[in-house]
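Colleague: So here's protein-v3.cif, just mmCIF, C-alpha atoms:
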data_input
loop_
_atom_site.group_PDB
_atom_site.id
_atom_site.type_symbol
_atom_site.label_atom_id
_atom_site.label_comp_id
_atom_site.auth_asym_id
_atom_site.auth_seq_id
_atom_site.Cartn_x
_atom_site.Cartn_y
_atom_site.Cartn_z
ATOM 1 C CA MET A 1 64.772 -16.171 195.822
ATOM 2 C CA ARG A 2 66.208 -12.902 194.559
ATOM 3 C CA ARG A 3 63.823 -13.012 191.590
ATOM 4 C CA VAL A 4 60.826 -13.411 193.856
ATOM 5 C CA ALA A 5 62.002 -10.492 196.010
ATOM 6 C CA ALA A 6 62.613 -8.316 192.901
ATOM 7 C CA VAL A 7 59.198 -9.135 191.426
ATOM 8 C CA THR A 8 57.482 -8.458 194.750
ATOM 9 C CA LEU A 9 59.294 -5.121 195.077
ATOM 10 C CA ALA A 10 58.381 -4.142 191.487
ATOM 11 C CA LEU A 11 54.711 -5.006 192.048
ATOM 12 C CA THR A 12 54.668 -2.988 195.268
ATOM 13 C CA PHE A 13 55.960 0.104 193.468
ATOM 14 C CA ALA A 14 53.558 -0.377 190.550
ATOM 15 C CA CYS A 15 50.535 -0.768 192.812
ATOM 16 C CA SER A 16 51.418 2.342 194.811
ATOM 17 C CA ALA A 17 51.750 4.459 191.641
ATOM 18 C CA ILE A 18 48.249 3.635 190.365
ATOM 19 C CA PRO A 19 46.310 5.407 193.173
ATOM 20 C CA ALA A 20 48.640 8.409 192.961
ATOM 21 C CA THR A 21 47.871 8.939 189.258
ATOM 22 C CA ALA A 22 44.153 8.402 189.846
ATOM 23 C CA GLN A 23 44.105 11.206 192.427
ATOM 24 C CA GLN A 24 45.553 13.830 190.072
ATOM 25 C CA LYS A 25 43.089 16.555 189.136
ATOM 26 C CA PRO A 26 42.441 16.892 185.413
ATOM 27 C CA GLY A 27 43.857 20.014 183.813
ATOM 28 C CA PRO A 28 42.062 22.192 181.271
ATOM 29 C CA ASP A 29 40.853 20.385 178.174
ATOM 30 C CA PRO A 30 43.326 21.302 175.418
ATOM 31 C CA ALA A 31 40.645 20.869 172.761
ATOM 32 C CA ARG A 32 38.580 23.673 174.342
ATOM 33 C CA ALA A 33 41.464 25.871 175.447
ATOM 34 C CA GLY A 34 41.011 28.360 172.603
ATOM 35 C CA ASP A 35 37.207 28.360 172.771
ATOM 36 C CA ARG A 36 36.429 30.589 175.747
ATOM 37 C CA SER A 37 33.414 32.175 174.005
ATOM 38 C CA SER A 38 31.217 29.101 174.482
ATOM 39 C CA VAL A 39 30.175 30.296 177.928
ATOM 40 C CA GLY A 40 27.158 32.594 178.155
ATOM 41 C CA MET A 41 25.305 34.704 175.662
ATOM 42 C CA ARG A 42 26.870 37.553 173.732
ATOM 43 C CA SER A 43 25.498 40.069 171.259
ATOM 44 C CA VAL A 44 26.499 41.768 168.027
ATOM 45 C CA THR A 45 24.953 44.941 166.626
ATOM 46 C CA GLY A 46 25.259 45.703 162.927
ATOM 47 C CA THR A 47 23.597 45.418 159.532
ATOM 48 C CA VAL A 48 22.404 42.383 157.598
ATOM 49 C CA LYS A 49 24.669 41.392 154.726
ATOM 50 C CA LYS A 50 22.974 38.128 153.694
ATOM 51 C CA THR A 51 20.182 35.838 154.919
ATOM 52 C CA THR A 52 19.217 32.243 154.228
ATOM 53 C CA GLU A 53 16.816 29.797 155.860
ATOM 54 C CA LYS A 54 19.670 28.314 157.890
ATOM 55 C CA GLY A 55 21.795 31.340 158.644
ATOM 56 C CA LEU A 56 22.503 35.016 158.706
ATOM 57 C CA VAL A 57 25.571 37.128 157.948
ATOM 58 C CA VAL A 58 25.905 40.426 159.814
ATOM 59 C CA VAL A 59 28.573 43.116 159.519
ATOM 60 C CA GLY A 60 28.880 44.627 162.966
ATOM 61 C CA ARG A 61 30.599 44.596 166.313
ATOM 62 C CA GLU A 62 30.467 43.421 169.868
ATOM 63 C CA THR A 63 30.770 46.135 172.478
ATOM 64 C CA GLY A 64 34.249 47.616 172.406
ATOM 65 C CA GLN A 65 35.343 45.700 169.279
ATOM 66 C CA LYS A 66 35.946 46.653 165.649
ATOM 67 C CA ASP A 67 33.424 45.932 162.884
ATOM 68 C CA LYS A 68 33.780 42.543 161.241
ATOM 69 C CA GLU A 69 31.676 39.968 159.413
ATOM 70 C CA TRP A 70 29.773 37.519 161.620
ATOM 71 C CA ALA A 71 28.051 34.318 160.459
ATOM 72 C CA PHE A 72 25.211 32.980 162.613
ATOM 73 C CA VAL A 73 23.398 29.645 162.476
ATOM 74 C CA LEU A 74 19.612 29.718 162.907
ATOM 75 C CA ASP A 75 18.018 26.750 164.644
ATOM 76 C CA ALA A 76 14.554 25.816 165.869
ATOM 77 C CA GLY A 77 15.056 27.829 169.077
ATOM 78 C CA THR A 78 16.023 31.082 167.314
ATOM 79 C CA ARG A 79 13.555 33.955 167.795
ATOM 80 C CA ILE A 80 13.265 36.467 164.966
ATOM 81 C CA GLU A 81 11.822 39.789 166.097
ATOM 82 C CA ALA A 82 11.264 41.649 162.853
ATOM 83 C CA GLY A 83 7.617 42.652 162.711
ATOM 84 C CA GLY A 84 6.412 39.098 162.050
ATOM 85 C CA LYS A 85 8.943 38.474 159.287
ATOM 86 C CA SER A 86 11.083 35.370 158.966
ATOM 87 C CA ALA A 87 14.861 35.437 158.735
ATOM 88 C CA THR A 88 14.760 35.176 154.941
ATOM 89 C CA GLU A 89 12.579 38.300 154.797
ATOM 90 C CA LEU A 90 15.229 40.427 156.484
ATOM 91 C CA ARG A 91 16.810 42.650 153.852
ATOM 92 C CA GLU A 92 20.400 43.631 153.223
ATOM 93 C CA GLY A 93 21.132 46.756 155.228
ATOM 94 C CA ASP A 94 18.523 46.125 157.962
ATOM 95 C CA ALA A 95 19.948 47.174 161.337
ATOM 96 C CA VAL A 96 19.864 44.216 163.757
ATOM 97 C CA THR A 97 21.081 43.053 167.132
ATOM 98 C CA VAL A 98 21.872 39.340 167.333
ATOM 99 C CA THR A 99 22.109 37.621 170.711
ATOM 100 C CA TYR A 100 24.049 34.379 170.308
ATOM 101 C CA THR A 101 25.885 31.537 171.976
ATOM 102 C CA ASN A 102 28.851 29.592 170.679
ATOM 103 C CA ARG A 103 27.933 25.905 170.345
ATOM 104 C CA ASP A 104 30.342 23.387 168.859
ATOM 105 C CA GLY A 105 32.400 26.212 167.371
ATOM 106 C CA LYS A 106 29.398 27.798 165.627
ATOM 107 C CA ASN A 107 27.736 31.090 166.549
ATOM 108 C CA THR A 108 24.090 30.090 167.048
ATOM 109 C CA SER A 109 21.591 32.941 167.108
ATOM 110 C CA GLN A 110 19.209 32.896 170.063
ATOM 111 C CA THR A 111 17.427 36.154 169.188
ATOM 112 C CA THR A 112 17.675 38.371 166.131
ATOM 113 C CA ARG A 113 15.959 41.731 166.630
ATOM 114 C CA ARG A 114 15.554 44.257 163.828
ATOM 115 C CA LYS A 115 16.072 47.850 164.955
ATOM 116 C CA GLY A 116 12.766 49.562 165.617
ATOM 117 C CA ASP A 117 10.927 46.322 166.477
ATOM 118 C CA HIS A 118 10.126 45.958 170.157
ATOM 119 C CA ILE A 119 8.938 43.056 172.265
ATOM 120 C CA CYS A 120 5.544 43.380 173.902
ATOM 121 C CA VAL A 121 5.194 41.000 176.847
ATOM 122 C CA LEU A 122 1.685 40.382 178.143
ATOM 123 C CA ASP A 123 0.907 38.518 181.317
ATOM 124 C CA ASP A 124 -2.199 36.544 182.207
ATOM 125 C CA ARG A 125 -3.808 39.247 184.367
ATOM 126 C CA VAL A 126 -6.932 40.883 183.014
ATOM 127 C CA GLN A 127 -7.744 44.368 184.241
ATOM 128 C CA GLY A 128 -10.905 44.368 186.343
ATOM 129 C CA GLY A 129 -11.235 40.602 186.609
ATOM 130 C CA ARG A 130 -9.539 37.248 186.749
ATOM 131 C CA SER A 131 -8.151 35.299 183.855
ATOM 132 C CA GLU A 132 -9.463 31.802 183.406
#
Before we go any further, please render this structure as structure tokens.
Modeller:
Amino acid sequence: MRRVAAVTLALTFACSAIPATAQQKPGPDPARAGDRSSVGMRSVTGTVKKTTEKGLVVVGRETGQKDKEWAFVLDAGTRIEAGGKSATELREGDAVTVTYTNRDGKNTSQTTRRKGDHICVLDDRVQGGRSE
């Protein structure tokens, strides 16, 4: 009889602990604790050190930081604004501004703009008439 009472009491405590642990809010993910730069877009201004088809190395700085070497990954969504040139046609010493995001621990370039090249945005309105 005592064994039955002890087992029943132990099961009661065990069953009451399960919902309490399920209600706890998860804390910060320790794997991402050091990677706060993965949120939002950032930019670096500097000069090209090296280019390849898959990446770009720039010596430059973020606002308020010291100069350092930055490696950027180029993917299918990367826009190169360098007078119609591709990333491999950028030359060492070209002044650039790279807008990037941090994905999976890699700085992925969203836009690379060579200094002196500007974006011209046209809309679908035609002066004096309607666009078709």
Colleague: Ranking A:Ala87, A:Glu69, A:Ala82, A:Val98 by minimum distance to Lys54 (chain A) and counting all atoms listed in the file, which one comes first?
Modeller: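 Of A:Ala87, A:Glu69, A:Ala82, A:Val98, the one nearest Lys54 (chain A) is A:Ala87, counting all atoms listed in the file.
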Colleague: Provide the CA of Gly93 (chain A) to CA of Thr45 (chain A) distance in Å, to one decimal place.
Modeller: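 Computing the Euclidean distance for CA of Gly93 (chain A) and CA of Thr45 (chain A) yields 12.2 Å.
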Colleague: Given the PyMOL selection byres ((chain A and resi 53) around 10) and the file above, list the residues it selects as a list of chain:residue names.
Modeller: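 Evaluating the PyMOL selection byres ((chain A and resi 53) around 10) on these coordinates yields A:Thr51, A:Thr52, A:Lys54, A:Gly55, A:Leu56, A:Val73, A:Leu74, A:Asp75, A:Ser86, A:Ala87, A:Thr88, A:Glu89.
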Colleague: Translate the PyMOL selection byres ((chain A and resi 115) around 12) into a concrete residue list for this structure, as JSON, numbers by chain.
Modeller: {"A": [45, 46, 47, 48, 80, 81, 82, 83, 90, 93, 94, 95, 96, 97, 98, 112, 113, 114, 116, 117, 118, 119]}
Colleague: Between A:Val57, A:Gly84, A:Phe72, A:Val4, which is the closest to Arg103 (chain A) once you count only C-alpha atoms?
Modeller: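 Checking each candidate against Arg103 (chain A), we get A:Phe72 as the closest.
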Colleague: Would you pick out the contacts of Thr99 (chain A) at 7 Å or less, using only C-alpha atoms, so that residues sharing its chain but fewer than 2 positions from it are not included, and give the list as an MDAnalysis selection string?
Modeller: chainID A and resid 41:44 97 109:112
Colleague: Using C-alpha atoms, can you write the selected residues to a file as a short mmCIF file (atom, residue, chain, number, x, y, z; two decimals), in the frame of the given file?
Modeller:
data_model
loop_
_atom_site.label_atom_id
_atom_site.label_comp_id
_atom_site.auth_asym_id
_atom_site.auth_seq_id
_atom_site.Cartn_x
_atom_site.Cartn_y
_atom_site.Cartn_z
CA MET A 41 25.30 34.70 175.66
CA ARG A 42 26.87 37.55 173.73
CA SER A 43 25.50 40.07 171.26
CA VAL A 44 26.50 41.77 168.03
CA THR A 97 21.08 43.05 167.13
CA SER A 109 21.59 32.94 167.11
CA GLN A 110 19.21 32.90 170.06
CA THR A 111 17.43 36.15 169.19
CA THR A 112 17.68 38.37 166.13
#
Colleague: To one decimal in Å, tell me the separation between CA of Gly40 (chain A) and CA of Glu62 (chain A).
Modeller: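 The value is 14.0 Å.
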Colleague: Could you state the separation of CA of Asp67 (chain A) and CA of Lys85 (chain A) in Å, given to one decimal place?
Modeller: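 These atoms are spaced 25.8 Å apart.
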Colleague: Edge lengths and centre, in Å to one decimal, as JSON: that's what I need for the box along x, y and z that holds all listed atoms of region 89-108 of chain A plus 4 Å on each side.
Modeller:
{"center_x": 22.5, "center_y": 35.3, "center_z": 162.6, "size_x": 27.8, "size_y": 31.8, "size_z": 26.8}
